[in-house]
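Enquirer: Below is the file upload38.csv, with CSV, C-alpha atoms.
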chain,number,residue,atom,x,y,z
A,1267,MET,CA,42.5,-17.0,4.4
A,1268,ASP,CA,40.2,-14.8,2.3
A,1269,ASN,CA,36.6,-14.5,3.4
A,1270,PHE,CA,34.2,-17.1,2.2
A,1271,ARG,CA,31.8,-15.7,-0.3
A,1272,ILE,CA,29.2,-17.1,-2.8
A,1273,GLU,CA,30.3,-16.1,-6.3
A,1274,SER,CA,27.5,-17.5,-8.4
A,1275,LEU,CA,24.4,-19.6,-8.5
A,1276,GLN,CA,22.9,-21.9,-11.1
A,1277,ILE,CA,19.3,-23.2,-10.8
A,1278,ASN,CA,17.6,-25.8,-13.0
A,1279,GLU,CA,13.8,-26.2,-12.9
A,1280,ILE,CA,13.2,-25.1,-9.3
A,1281,GLY,CA,10.3,-22.9,-8.4
A,1282,PRO,CA,9.6,-20.3,-11.2
A,1283,PHE,CA,13.1,-20.9,-12.8
A,1284,GLN,CA,13.6,-23.1,-15.8
A,1285,TYR,CA,17.2,-22.2,-15.8
A,1286,LEU,CA,19.1,-19.4,-14.0
A,1287,LYS,CA,22.7,-18.4,-13.9
A,1288,ILE,CA,23.3,-15.5,-11.6
A,1289,ASP,CA,26.7,-14.0,-10.7
A,1290,PHE,CA,27.3,-12.1,-7.5
A,1291,PRO,CA,30.0,-9.4,-8.1
A,1292,VAL,CA,32.3,-8.4,-5.3
A,1293,LYS,CA,31.8,-5.3,-3.2
A,1294,LYS,CA,33.4,-2.0,-4.1
A,1295,ASP,CA,34.1,-0.8,-0.5
A,1296,PRO,CA,36.2,-3.1,1.7
A,1297,ASP,CA,34.8,-1.4,4.8
A,1298,LYS,CA,31.2,-2.2,4.1
A,1299,ALA,CA,29.3,-5.5,3.8
A,1300,GLU,CA,28.8,-7.0,0.3
A,1301,ILE,CA,25.0,-6.7,-0.4
A,1302,HIS,CA,22.9,-8.3,-3.1
A,1303,ILE,CA,19.4,-7.0,-3.4
A,1304,LEU,CA,16.8,-9.2,-5.2
A,1305,THR,CA,13.8,-7.3,-6.7
A,1306,GLY,CA,10.9,-8.2,-8.9
A,1307,GLU,CA,7.2,-8.6,-8.8
A,1308,ASN,CA,5.5,-11.4,-6.7
A,1309,GLY,CA,6.2,-14.8,-8.1
A,1310,THR,CA,9.6,-14.1,-9.7
A,1311,GLY,CA,11.5,-16.3,-7.2
A,1312,LYS,CA,13.3,-13.9,-4.9
A,1313,SER,CA,12.5,-16.0,-1.8
A,1314,THR,CA,13.3,-19.2,-3.8
A,1315,ILE,CA,16.8,-17.9,-4.4
A,1316,LEU,CA,17.3,-17.2,-0.7
A,1317,GLU,CA,16.0,-20.7,0.2
A,1318,VAL,CA,18.3,-22.4,-2.3
A,1319,LEU,CA,21.3,-20.5,-0.9
A,1320,ILE,CA,20.3,-21.7,2.6
A,1321,TYR,CA,19.9,-25.3,1.5
A,1322,ALA,CA,23.3,-25.3,-0.3
A,1323,SER,CA,25.0,-24.1,2.9
A,1324,ALA,CA,24.6,-27.6,4.3
A,1325,LEU,CA,23.0,-26.1,7.4
A,1326,LYS,CA,19.4,-26.8,6.7
A,1327,GLN,CA,17.6,-29.9,8.0
A,1328,ASP,CA,16.0,-32.3,5.6
A,1329,ASN,CA,12.3,-31.1,5.9
A,1330,SER,CA,12.3,-28.8,3.0
A,1331,ASN,CA,9.8,-28.9,0.2
A,1332,ILE,CA,12.4,-27.9,-2.3
A,1333,TYR,CA,14.6,-30.8,-1.2
A,1334,LYS,CA,11.7,-33.2,-1.8
A,1335,LYS,CA,11.2,-31.8,-5.3
A,1336,THR,CA,14.8,-32.1,-6.2
A,1337,TRP,CA,14.8,-35.9,-5.9
A,1338,ASN,CA,13.9,-36.0,-9.6
A,1339,ALA,CA,17.2,-36.0,-11.5
A,1340,LYS,CA,16.3,-33.1,-13.8
A,1341,TYR,CA,16.2,-30.7,-10.8
A,1342,SER,CA,19.5,-29.3,-9.7
A,1343,PHE,CA,21.4,-26.3,-8.6
A,1344,ILE,CA,25.1,-25.3,-8.3
A,1345,ILE,CA,26.7,-22.8,-6.0
A,1346,GLU,CA,30.2,-21.7,-6.8
A,1347,ASP,CA,32.9,-20.4,-4.3
A,1348,SER,CA,36.4,-19.6,-5.4
A,1349,GLU,CA,38.0,-21.4,-2.4
A,1350,LYS,CA,35.7,-24.4,-1.9
A,1351,GLY,CA,34.9,-25.0,-5.5
A,1352,LEU,CA,31.5,-26.1,-6.8
A,1353,PHE,CA,28.7,-27.4,-4.7
A,1354,LYS,CA,26.3,-29.4,-6.8
A,1355,PHE,CA,22.9,-30.2,-5.4
A,1356,PRO,CA,22.3,-34.0,-5.2
A,1357,ALA,CA,20.2,-35.3,-8.1
A,1358,SER,CA,19.3,-38.6,-6.6
A,1359,GLN,CA,17.5,-39.7,-3.5
A,1360,SER,CA,20.5,-41.6,-2.2
A,1361,GLN,CA,22.7,-38.5,-2.6
A,1362,PHE,CA,20.0,-36.5,-0.9
A,1363,GLN,CA,20.0,-38.8,2.1
A,1364,GLU,CA,23.8,-38.7,2.3
A,1365,LEU,CA,23.7,-34.9,2.4
A,1366,SER,CA,21.0,-34.9,5.0
A,1367,ILE,CA,23.2,-37.0,7.3
A,1368,ARG,CA,26.1,-34.5,6.8
A,1369,MET,CA,23.8,-31.6,7.5
A,1370,ARG,CA,22.4,-33.0,10.7
A,1371,LYS,CA,25.9,-33.8,11.9
A,1372,TYR,CA,27.0,-30.2,11.2
A,1373,LEU,CA,23.9,-28.8,12.9
A,1374,LEU,CA,24.3,-30.9,16.0
A,1375,ASP,CA,28.1,-30.7,16.4
A,1376,GLU,CA,28.3,-28.2,19.3
A,1377,GLU,CA,32.0,-28.6,19.7
A,1378,LEU,CA,32.8,-27.6,16.1
A,1379,GLU,CA,34.6,-24.3,15.8
A,1380,ARG,CA,33.0,-22.2,13.0
A,1381,ASP,CA,34.7,-20.1,10.4
A,1382,ILE,CA,31.6,-19.4,8.3
A,1383,VAL,CA,27.9,-19.5,9.3
A,1384,PHE,CA,24.6,-18.8,7.5
A,1385,PHE,CA,21.8,-16.9,9.1
A,1386,ALA,CA,18.3,-16.3,7.7
A,1387,TYR,CA,15.5,-13.9,8.8
A,1388,ALA,CA,12.2,-12.9,7.4
A,1389,GLY,CA,9.7,-10.1,8.3
A,1390,TYR,CA,8.3,-9.8,11.8
A,1391,ARG,CA,6.0,-12.3,13.2
A,1392,ARG,CA,3.8,-11.9,16.3
A,1393,VAL,CA,5.1,-13.4,19.6
A,1394,ALA,CA,3.6,-14.2,22.9
A,1395,ASN,CA,4.3,-12.6,26.2
A,1396,ILE,CA,7.9,-13.2,27.4
A,1397,LYS,CA,8.6,-14.1,31.0
A,1398,ILE,CA,12.0,-14.7,32.6
A,1399,THR,CA,12.1,-16.9,35.7
A,1400,GLY,CA,15.7,-16.2,36.7
A,1401,VAL,CA,19.3,-16.0,35.5
A,1402,GLN,CA,20.0,-19.4,33.9
A,1403,GLU,CA,22.4,-20.9,31.4
A,1404,MET,CA,21.1,-21.2,27.8
A,1405,LEU,CA,21.4,-24.8,26.8
A,1406,ASP,CA,20.1,-24.6,23.3
A,1407,PHE,CA,22.6,-24.7,20.5
A,1408,PRO,CA,23.2,-21.2,19.0
A,1409,LEU,CA,22.6,-22.5,15.4
A,1410,ASP,CA,19.3,-24.1,16.2
A,1411,LYS,CA,16.9,-22.9,13.5
A,1412,ALA,CA,19.4,-20.1,12.6
A,1413,ASN,CA,18.6,-20.7,8.9
A,1414,ASP,CA,14.9,-21.2,9.1
A,1415,PHE,CA,13.3,-18.0,7.8
A,1416,THR,CA,10.0,-18.6,9.6
A,1417,ASN,CA,11.4,-19.8,13.0
A,1418,SER,CA,14.8,-18.3,13.4
A,1419,ILE,CA,13.7,-15.7,15.9
A,1420,ASN,CA,13.1,-16.7,19.5
A,1421,PRO,CA,12.4,-13.6,21.6
A,1422,GLN,CA,12.5,-15.7,24.8
A,1423,ASN,CA,16.1,-16.6,24.1
A,1424,LEU,CA,17.0,-13.1,23.2
A,1425,ILE,CA,15.6,-11.6,26.4
A,1426,GLN,CA,17.2,-14.4,28.5
A,1427,TRP,CA,20.5,-13.6,26.9
A,1428,LEU,CA,20.2,-9.9,27.6
A,1429,VAL,CA,19.3,-10.7,31.2
A,1430,ASN,CA,22.3,-13.0,31.5
A,1431,ILE,CA,24.7,-10.5,29.9
A,1432,GLN,CA,23.6,-7.6,32.1
A,1433,THR,CA,23.7,-9.8,35.3
A,1434,ARG,CA,27.3,-10.8,34.5
A,1435,GLU,CA,28.2,-7.2,33.9
A,1436,LEU,CA,26.9,-6.3,37.3
A,1437,ILE,CA,28.7,-9.2,39.0
A,1438,VAL,CA,32.1,-8.5,37.5
A,1439,LYS,CA,31.7,-4.7,38.1
A,1440,GLY,CA,31.0,-5.5,41.8
A,1441,LYS,CA,34.3,-7.5,41.9
A,1442,GLY,CA,36.1,-4.5,40.5
A,1443,ASP,CA,36.8,-6.0,37.0
A,1444,THR,CA,35.8,-2.9,35.0
A,1445,ALA,CA,37.5,-4.1,31.8
A,1446,LYS,CA,35.3,-7.2,31.7
A,1447,ALA,CA,32.2,-5.3,32.7
A,1448,LYS,CA,32.9,-2.9,29.8
A,1449,GLN,CA,33.2,-5.9,27.5
A,1450,TYR,CA,29.8,-7.2,28.5
A,1451,ARG,CA,28.3,-3.7,28.1
A,1452,SER,CA,29.8,-3.2,24.7
A,1453,THR,CA,28.0,-6.3,23.4
A,1454,ILE,CA,24.6,-4.8,24.3
A,1455,GLU,CA,25.7,-1.3,23.0
A,1456,ILE,CA,26.1,-2.7,19.5
A,1457,ILE,CA,22.4,-3.4,19.3
A,1458,GLU,CA,21.4,-0.2,21.2
A,1459,ASN,CA,23.5,2.0,18.9
A,1460,ALA,CA,22.4,0.3,15.7
A,1461,LEU,CA,18.7,0.7,16.6
A,1462,GLY,CA,19.2,4.2,17.8
A,1463,GLU,CA,20.8,5.2,14.5
A,1464,ILE,CA,17.8,3.8,12.6
A,1465,ILE,CA,15.0,5.3,14.6
A,1466,GLU,CA,16.9,8.5,15.5
A,1467,SER,CA,16.1,8.0,19.2
A,1468,GLU,CA,18.1,6.7,22.2
A,1469,VAL,CA,17.5,3.0,22.8
A,1470,LYS,CA,18.6,1.3,26.0
A,1471,PHE,CA,18.1,-2.2,27.4
A,1472,ASP,CA,17.7,-2.1,31.2
A,1473,LEU,CA,17.7,-5.0,33.6
A,1474,GLU,CA,14.6,-4.9,35.8
A,1475,GLU,CA,14.5,-6.6,39.2
A,1476,GLU,CA,10.8,-7.1,39.8
A,1477,PRO,CA,9.7,-9.0,37.8
A,1478,LEU,CA,13.1,-10.1,36.4
A,1479,GLY,CA,13.4,-9.1,32.8
A,1480,ILE,CA,14.5,-6.5,30.3
A,1481,LYS,CA,12.8,-3.1,29.7
A,1482,ILE,CA,13.6,-1.3,26.4
A,1483,LYS,CA,13.8,2.4,26.9
A,1484,VAL,CA,13.1,4.6,23.9
A,1485,ASP,CA,13.9,8.2,24.5
A,1486,GLY,CA,13.4,7.5,28.2
A,1487,GLN,CA,10.1,5.7,27.9
A,1488,SER,CA,10.3,2.3,29.4
A,1489,LEU,CA,8.5,-0.5,27.5
A,1490,ASN,CA,8.2,-4.3,27.7
A,1491,PHE,CA,9.2,-6.2,24.6
A,1492,ASP,CA,5.6,-6.9,23.6
A,1493,GLN,CA,4.7,-3.2,24.0
A,1494,LEU,CA,7.2,-2.1,21.4
A,1495,PRO,CA,5.9,-0.7,18.1
A,1496,ASP,CA,5.8,-3.5,15.5
A,1497,GLY,CA,8.6,-2.0,13.4
A,1498,LEU,CA,11.0,-1.6,16.4
A,1499,LYS,CA,10.0,-5.0,17.7
A,1500,SER,CA,10.9,-6.5,14.3
A,1501,MET,CA,14.3,-4.9,14.3
A,1502,VAL,CA,15.1,-5.8,17.9
A,1503,SER,CA,14.0,-9.4,17.2
A,1504,TRP,CA,16.2,-10.2,14.2
A,1505,MET,CA,19.2,-7.9,14.9
A,1506,GLY,CA,19.3,-8.9,18.5
A,1507,ASP,CA,18.9,-12.6,17.6
A,1508,LEU,CA,21.7,-12.4,15.1
A,1509,LEU,CA,24.2,-10.8,17.6
A,1510,MET,CA,23.1,-13.2,20.4
A,1511,ARG,CA,23.8,-16.2,18.2
A,1512,MET,CA,27.2,-14.8,17.0
A,1513,ASP,CA,28.2,-14.0,20.6
A,1514,ARG,CA,27.4,-17.5,21.8
A,1515,LEU,CA,29.0,-19.5,19.0
A,1516,LYS,CA,32.4,-21.2,19.1
A,1517,TRP,CA,34.6,-19.6,16.5
A,1518,VAL,CA,38.0,-20.6,15.1
A,1519,ASN,CA,39.7,-17.5,16.4
A,1520,ASN,CA,39.2,-14.4,18.5
A,1521,THR,CA,38.1,-12.1,15.7
A,1522,PRO,CA,35.6,-9.5,17.1
A,1523,VAL,CA,31.9,-10.3,16.4
A,1524,LEU,CA,31.4,-7.3,14.1
A,1525,GLU,CA,34.4,-8.4,12.0
A,1526,ARG,CA,33.2,-12.0,11.5
A,1527,ASN,CA,32.7,-13.5,8.0
A,1528,PHE,CA,29.2,-14.9,7.6
A,1529,ILE,CA,26.3,-15.1,5.1
A,1530,LEU,CA,23.1,-13.2,6.0
A,1531,LEU,CA,19.8,-13.8,4.1
A,1532,LEU,CA,17.0,-11.4,4.7
A,1533,ASP,CA,13.5,-11.9,3.3
A,1534,GLU,CA,11.5,-8.7,3.2
A,1535,ILE,CA,12.6,-7.4,6.6
A,1536,GLU,CA,11.1,-4.0,5.8
A,1537,VAL,CA,7.7,-5.4,6.7
A,1538,HIS,CA,6.1,-3.2,9.3
A,1539,LEU,CA,8.8,-0.5,9.0
A,1540,HIS,CA,7.9,3.1,8.4
A,1541,PRO,CA,9.6,4.4,5.1
A,1542,ALA,CA,11.9,6.6,7.3
A,1543,TRP,CA,13.2,3.4,9.0
A,1544,GLN,CA,13.3,1.4,5.7
A,1545,ARG,CA,15.7,4.1,4.4
A,1546,LYS,CA,18.1,3.5,7.3
A,1547,ILE,CA,18.2,-0.1,8.2
A,1548,LEU,CA,20.3,-1.4,5.3
A,1549,PRO,CA,23.1,1.3,5.5
A,1550,VAL,CA,23.4,0.5,9.3
A,1551,VAL,CA,23.7,-3.2,8.7
A,1552,GLN,CA,26.1,-2.6,5.8
A,1553,LYS,CA,28.5,-0.6,8.1
A,1554,LEU,CA,28.0,-2.9,11.1
A,1555,PHE,CA,29.1,-6.2,9.5
A,1556,LYS,CA,31.8,-5.2,7.0
A,1557,ASN,CA,32.9,-8.8,6.3
A,1558,ALA,CA,29.4,-10.3,5.8
A,1559,GLN,CA,27.8,-11.2,2.4
A,1560,ILE,CA,24.2,-10.2,2.6
A,1561,PHE,CA,21.4,-11.3,0.3
A,1562,ILE,CA,18.0,-9.5,0.7
A,1563,SER,CA,14.7,-9.7,-1.1
A,1564,THR,CA,12.6,-6.5,-1.0
A,1565,HIS,CA,9.6,-4.7,-2.6
A,1566,SER,CA,10.7,-1.4,-1.1
A,1567,PRO,CA,12.2,1.4,-3.2
A,1568,PHE,CA,13.2,3.0,0.1
A,1569,VAL,CA,15.4,0.0,0.9
A,1570,VAL,CA,16.9,-0.1,-2.6
A,1571,GLY,CA,17.5,3.6,-2.7
A,1572,SER,CA,19.0,3.8,0.8
A,1573,VAL,CA,22.3,2.1,0.3
A,1574,ASP,CA,25.4,2.9,-1.8
A,1575,GLY,CA,27.4,0.2,-3.4
A,1576,ALA,CA,25.0,-2.7,-3.3
A,1577,TRP,CA,24.3,-4.9,-6.3
A,1578,VAL,CA,20.6,-4.9,-7.4
A,1579,HIS,CA,19.4,-8.0,-9.3
A,1580,ARG,CA,16.1,-7.5,-11.1
A,1581,PHE,CA,13.8,-10.4,-12.0
A,1582,ILE,CA,10.9,-10.5,-14.5
A,1583,LYS,CA,8.5,-13.1,-15.9
A,1584,LYS,CA,9.2,-14.2,-19.5
A,1585,ASP,CA,7.3,-17.0,-21.3
A,1586,GLY,CA,6.0,-18.2,-17.9
A,1587,TYR,CA,9.4,-18.4,-16.2
A,1588,SER,CA,11.4,-16.0,-14.1
A,1589,VAL,CA,14.6,-14.5,-15.6
A,1590,LEU,CA,17.0,-11.8,-14.9
A,1591,ALA,CA,16.0,-8.4,-16.4
A,1592,GLY,CA,19.7,-7.7,-17.2
A,1593,GLU,CA,23.1,-7.2,-15.6
A,1594,PRO,CA,23.1,-6.3,-11.9
A,1595,ILE,CA,22.9,-2.6,-11.2
A,1596,LEU,CA,25.2,-1.0,-8.6
A,1597,SER,CA,23.0,1.0,-6.3
A,1598,GLU,CA,23.7,4.7,-5.6
A,1599,ASP,CA,22.1,6.5,-2.7
A,1600,ALA,CA,22.1,9.7,-4.8
A,1601,LYS,CA,19.4,8.3,-7.1
A,1602,SER,CA,15.9,9.7,-6.6
A,1603,TYR,CA,13.0,7.4,-5.6
A,1604,ASP,CA,11.3,8.4,-8.9
A,1605,TYR,CA,14.3,6.9,-10.7
A,1606,ILE,CA,14.3,3.7,-8.6
A,1607,LEU,CA,10.6,3.2,-9.0
A,1608,GLU,CA,10.8,3.5,-12.8
A,1609,GLU,CA,14.1,1.9,-13.6
A,1610,ILE,CA,14.3,-0.9,-11.0
A,1611,PHE,CA,10.7,-1.6,-10.1
A,1612,GLY,CA,9.2,-0.7,-13.5
A,1613,VAL,CA,6.6,1.7,-11.9
A,1614,LYS,CA,6.1,4.7,-14.1
A,1615,GLU,CA,3.0,6.1,-12.4
A,1616,ARG,CA,3.5,8.9,-10.0
A,1617,PHE,CA,-0.1,9.5,-8.8
A,1618,GLY,CA,-3.1,7.5,-7.6
A,1619,VAL,CA,-4.9,5.2,-9.9
A,1620,ASP,CA,-7.9,7.5,-10.6
A,1621,VAL,CA,-5.6,10.5,-11.3
A,1622,GLU,CA,-3.3,8.5,-13.5
A,1623,ARG,CA,-6.4,7.3,-15.5
A,1624,LYS,CA,-7.5,10.9,-16.0
A,1625,LEU,CA,-4.0,12.0,-17.0
A,1626,ALA,CA,-3.9,9.2,-19.6
A,1627,GLU,CA,-7.3,10.3,-20.9
A,1628,PHE,CA,-6.1,13.9,-21.0
A,1629,GLN,CA,-3.0,13.0,-23.1
A,1630,SER,CA,-5.2,10.9,-25.5
A,1631,LEU,CA,-7.6,13.8,-26.1
A,1632,LYS,CA,-4.8,16.2,-26.4
A,1633,LYS,CA,-3.3,14.2,-29.3
A,1634,GLU,CA,-6.7,14.1,-31.0
A,1635,ILE,CA,-6.9,17.9,-30.7
A,1636,LEU,CA,-3.4,18.3,-32.1
A,1637,LYS,CA,-4.3,16.1,-35.1
A,1638,ASN,CA,-7.4,18.2,-35.9
A,1639,PRO,CA,-6.8,21.7,-34.3
A,1640,GLU,CA,-9.7,23.2,-36.4
A,1641,THR,CA,-12.4,21.1,-34.8
A,1642,ALA,CA,-14.3,22.0,-31.7
A,1643,VAL,CA,-12.6,21.1,-28.4
A,1644,PRO,CA,-14.4,18.0,-26.8
A,1645,VAL,CA,-16.5,18.8,-23.8
A,1646,ARG,CA,-14.9,15.9,-22.0
A,1647,PHE,CA,-11.5,17.5,-22.4
A,1648,ARG,CA,-12.6,20.7,-20.7
A,1649,LYS,CA,-14.3,18.7,-18.0
A,1650,LEU,CA,-11.0,16.7,-17.4
A,1651,ILE,CA,-9.0,20.0,-17.1
A,1652,GLY,CA,-11.4,21.1,-14.4
A,1653,GLU,CA,-11.3,17.8,-12.5
A,1654,LEU,CA,-7.5,17.6,-12.6
A,1655,MET,CA,-6.9,21.3,-11.6
A,1656,ASN,CA,-9.3,20.8,-8.7
A,1657,GLN,CA,-7.1,18.1,-7.1
A,1658,ASN,CA,-5.5,20.7,-4.9
A,1659,SER,CA,-2.1,19.4,-6.1
A,1660,VAL,CA,0.7,21.8,-7.0
A,1661,GLU,CA,2.3,19.0,-9.0
A,1662,ILE,CA,-0.7,18.3,-11.1
A,1663,GLU,CA,-1.5,22.0,-11.6
A,1664,SER,CA,2.0,22.5,-12.8
A,1665,ILE,CA,1.8,19.6,-15.3
A,1666,ILE,CA,-1.6,20.6,-16.7
A,1667,GLY,CA,-0.7,24.3,-16.8
A,1668,MET,CA,2.4,23.5,-18.9
A,1669,GLU,CA,0.4,21.2,-21.2
A,1670,LEU,CA,-2.3,23.9,-21.7
A,1671,ARG,CA,0.3,26.6,-22.5
A,1672,GLN,CA,1.9,24.3,-25.1
A,1673,LEU,CA,-1.6,23.6,-26.6
A,1674,LYS,CA,-2.3,27.3,-26.9
A,1675,ARG,CA,0.9,27.9,-28.8
A,1676,LEU,CA,0.2,25.0,-31.2
A,1677,THR,CA,-3.6,25.6,-31.8
A,1678,ASN,CA,-4.0,29.2,-31.0
A,1679,GLN,CA,-6.9,28.3,-28.6
A,1680,ASP,CA,-7.3,29.3,-25.0
A,1681,PHE,CA,-7.7,26.4,-22.6
A,1682,SER,CA,-7.4,28.5,-19.4
A,1683,VAL,CA,-9.2,27.4,-16.3
A,1684,ALA,CA,-11.4,30.5,-16.4
A,1685,GLU,CA,-13.0,29.1,-19.6
A,1686,ILE,CA,-14.0,25.8,-18.0
Can you give me the file's structure in the form of structure tokens?

Expert:
Amino acid sequence: MDNFRIESLQINEIGPFQYLKIDFPVKKDPDKAEIHILTGENGTGKSTILEVLIYASALKQDNSNIYKKTWNAKYSFIIEDSEKGLFKFPASQSQFQELSIRMRKYLLDEELERDIVFFAYAGYRRVANIKITGVQEMLDFPLDKANDFTNSINPQNLIQWLVNIQTRELIVKGKGDTAKAKQYRSTIEIIENALGEIIESEVKFDLEEEPLGIKIKVDGQSLNFDQLPDGLKSMVSWMGDLLMRMDRLKWVNNTPVLERNFILLLDEIEVHLHPAWQRKILPVVQKLFKNAQIFISTHSPFVVGSVDGAWVHRFIKKDGYSVLAGEPILSEDAKSYDYILEEIFGVKERFGVDVERKLAEFQSLKKEILKNPETAVPVRFRKLIGELMNQNSVEIESIIGMELRQLKRLTNQDFSVAEI
């Protein structure tokens, strides 16, 4: 059976969208996850699209605001999948209630073997101190709140799972079952290696006896979970939570966890990450889960520019509604951040607000001088040259120097700094 994937989405009058039809092209590299990046200014509906995809998965409980809004018959959305056909969002309250029953049954059916699962994570949220009282079975269902952006992460469960895994590893190792011990260890190494690649440091999860719990070692420094830097804590939280849930779920076959087919929705997970880490997180995830379909909203040019072969969907406001800015763009990690800022985010400015204002004024006065080269050079123009050249910026000095040389050729006037 081919992997499940969402091919397209239609939205009618939900959030900032009057009507939206968005296609999700297939990936180019079979050995990497299929990634769709949603970009656009605040209010263009990036998070709304992620929410709609979650609701349509039939994995979301019936407490959603969007659900309540869609009781009106004019609101609707459609998700298309080649194998399972069209999923049409119910347009009446009775249909809504029927779907809610189906969703609750799916959520609560712990015996059901899964072949496709949806997971949703947002940026890091603060958590309280974590205390483990002992090795104990985890009784909660692995899909509990798995598709709730604001509550999907439970660090208490993650640390308990890590304690359990490492305890089992020690038990079977003591019994001489090295193969099974290696299997337990490899589960944890997936997270350790992924995090280590992102932050370019060695990361290890170590079981501590007194008090019982997990220490995270970063380049040999031993830290509790709540002592981690915010960015690392964020990545440990959602990446660890994802692998924990996948490891604990009942699946239809014995496919290794990293080769599973699932849908992953990430809402601005670059929050609290240094740009150096923003550049590395998506390529690592793309290689790690090659059969996943990933949808991510972001404001970060470092995230967009970091990955090769992802589809970038740009949204803009038009006549009060959010619309696509054009066809999806296939990302290339060879593109510069200047290119990404201008072409994808629409940011043409390269310097701070005050310097950009002065550069714009400089260009305006330069045009006036070129129109009337015989008139005296405005005092303000010479003052601007001095202010810009005194920014202690090689880039600005180069730009202004080139402009002044061009002016001298065209007007036969000397605008050198010495004259200012």

Enquirer: For a test of reading the model, state the distance in Å between CA of Val1589 (chain A) and CA of Gly1306 (chain A), rounded to one decimal.

Expert: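 The value is 9.9 Å.
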
Enquirer: Using only C-alpha atoms, tabulate the residues of region 1393-1428 of chain A lying at most 12 Å from any atom of region 1471-1479 of chain A, each with its closest atom pair and that distance in Å to one decimal, by chain and increasing residue number, as a tab-separated table.

Expert:
residue	atom	partner	partner_atom	distance
A:Asn1395	CA	A:Gly1479	CA	11.8
A:Ile1396	CA	A:Gly1479	CA	8.7
A:Lys1397	CA	A:Gly1479	CA	7.2
A:Ile1398	CA	A:Gly1479	CA	5.8
A:Thr1399	CA	A:Leu1478	CA	6.9
A:Gly1400	CA	A:Leu1478	CA	6.6
A:Val1401	CA	A:Leu1478	CA	8.6
A:Gln1402	CA	A:Leu1478	CA	11.8
A:Gln1422	CA	A:Gly1479	CA	10.4
A:Asn1423	CA	A:Gly1479	CA	11.8
A:Leu1424	CA	A:Gly1479	CA	11.0
A:Ile1425	CA	A:Gly1479	CA	7.2
A:Gln1426	CA	A:Gly1479	CA	7.8
A:Trp1427	CA	A:Gly1479	CA	10.3
A:Leu1428	CA	A:Phe1471	CA	8.0

Enquirer: Give as a list in words each residue that has an atom at most 7 Å from (19.1, -14.6, -0.1) in the file, counting only C-alpha atoms.

Expert: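 Residues with an atom close enough to that point: Ser1313, Ile1315, Leu1316, Glu1317, Leu1319, Leu1531, Leu1532, Phe1561, Ile1562 and Ser1563 of chain A.
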
Enquirer: Could you tell me how far CA of Arg1623 (chain A) lies from CA of Glu1640 (chain A), in Å and to one decimal?

Expert: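 The value is 26.5 Å.
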
Enquirer: Just checking: using only C-alpha atoms, which residue out of A:Arg1511, A:Arg1545, A:His1302, A:Arg1380 ends up closest to Asp1406 (chain A)?

Expert: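 Using only C-alpha atoms, the shortest distance to Asp1406 (chain A) belongs to A:Arg1511.
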
Enquirer: At a cut-off of 10 Å, using only C-alpha atoms, what residues contact Pro1541 (chain A)? Leave out same-chain residues fewer than 6 positions from it and give the result as a ChimeraX atom specification.

Expert: /A:1566-1569

Enquirer: To one decimal in Å, tell me the separation between CA of Phe1555 (chain A) and CA of Ser1467 (chain A).

Expert: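 So the answer is 21.6 Å.
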
Enquirer: Could you pull the residues within 10 Å of Glu1536 (chain A), counting only C-alpha atoms, minus those fewer than 2 positions along the same chain, as a ChimeraX atom specification?

Expert: /A:1388-1390,1497,1500-1501,1532-1534,1538-1541,1543-1545,1547-1548,1563-1566,1568-1569

Enquirer: At a cut-off of 10 Å, using all atoms listed in the file, what residues contact Leu1673 (chain A)? Leave out same-chain residues fewer than 4 positions from it and give the result as a PyMOL selection string.

Expert: chain A and resi 1632-1633+1635-1636+1639+1667-1669+1677-1681

Enquirer: Please write as a PyMOL selection string the list of polymer residues whose atoms come within 9 Å of (21.1, -1.7, -1.6), counting all atoms listed in the file and keeping to the coordinates of the file.

Expert: chain A and resi 1301-1303+1548-1549+1552+1562+1569-1578+1596-1599

Enquirer: What lies within 12 Å of Asn1520 (chain A) using all atoms listed in the file, ignoring chain neighbours under 4 positions off, as a PDB file with C-alpha atoms, keeping the file's coordinate frame?

Expert:
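The result, stored in around.pdb:
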ATOM      1  CA  GLU A1379      34.600 -24.300  15.800  1.00  0.00           C
ATOM      2  CA  ARG A1380      33.000 -22.200  13.000  1.00  0.00           C
ATOM      3  CA  ASP A1381      34.700 -20.100  10.400  1.00  0.00           C
ATOM      4  CA  ASP A1513      28.200 -14.000  20.600  1.00  0.00           C
ATOM      5  CA  LEU A1515      29.000 -19.500  19.000  1.00  0.00           C
ATOM      6  CA  LYS A1516      32.400 -21.200  19.100  1.00  0.00           C
ATOM      7  CA  LEU A1524      31.400  -7.300  14.100  1.00  0.00           C
ATOM      8  CA  GLU A1525      34.400  -8.400  12.000  1.00  0.00           C
ATOM      9  CA  ARG A1526      33.200 -12.000  11.500  1.00  0.00           C
TER      10      ARG A1526
END

Enquirer: Choose the residue, out of A:Lys1584, A:Ile1277, A:Val1429, A:Ile1288, that has the smallest atom-to-atom separation from Val1318 (chain A); count all atoms listed in the file.

Expert: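 Among A:Lys1584, A:Ile1277, A:Val1429, A:Ile1288, it is A:Ile1277 that comes nearest to Val1318 (chain A).
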
Enquirer: List as a PyMOL selection string the protein and nucleic acid residues near region 1647-1658 of chain A, meaning an atom at most 8 Å away when only C-alpha atoms are counted, but skip any in the same chain fewer than 2 places from it.

Expert: chain A and resi 1621+1624-1625+1628+1631-1632+1643-1645+1660+1662-1663+1666+1681+1683+1686

Enquirer: Using only C-alpha atoms, find the one residue out of A:Arg1451, A:Arg1514, A:Arg1671, A:Lys1293 that sits nearest to Phe1407 (chain A).

Expert: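 Distance minimum relative to Phe1407 (chain A) lands on A:Arg1514.
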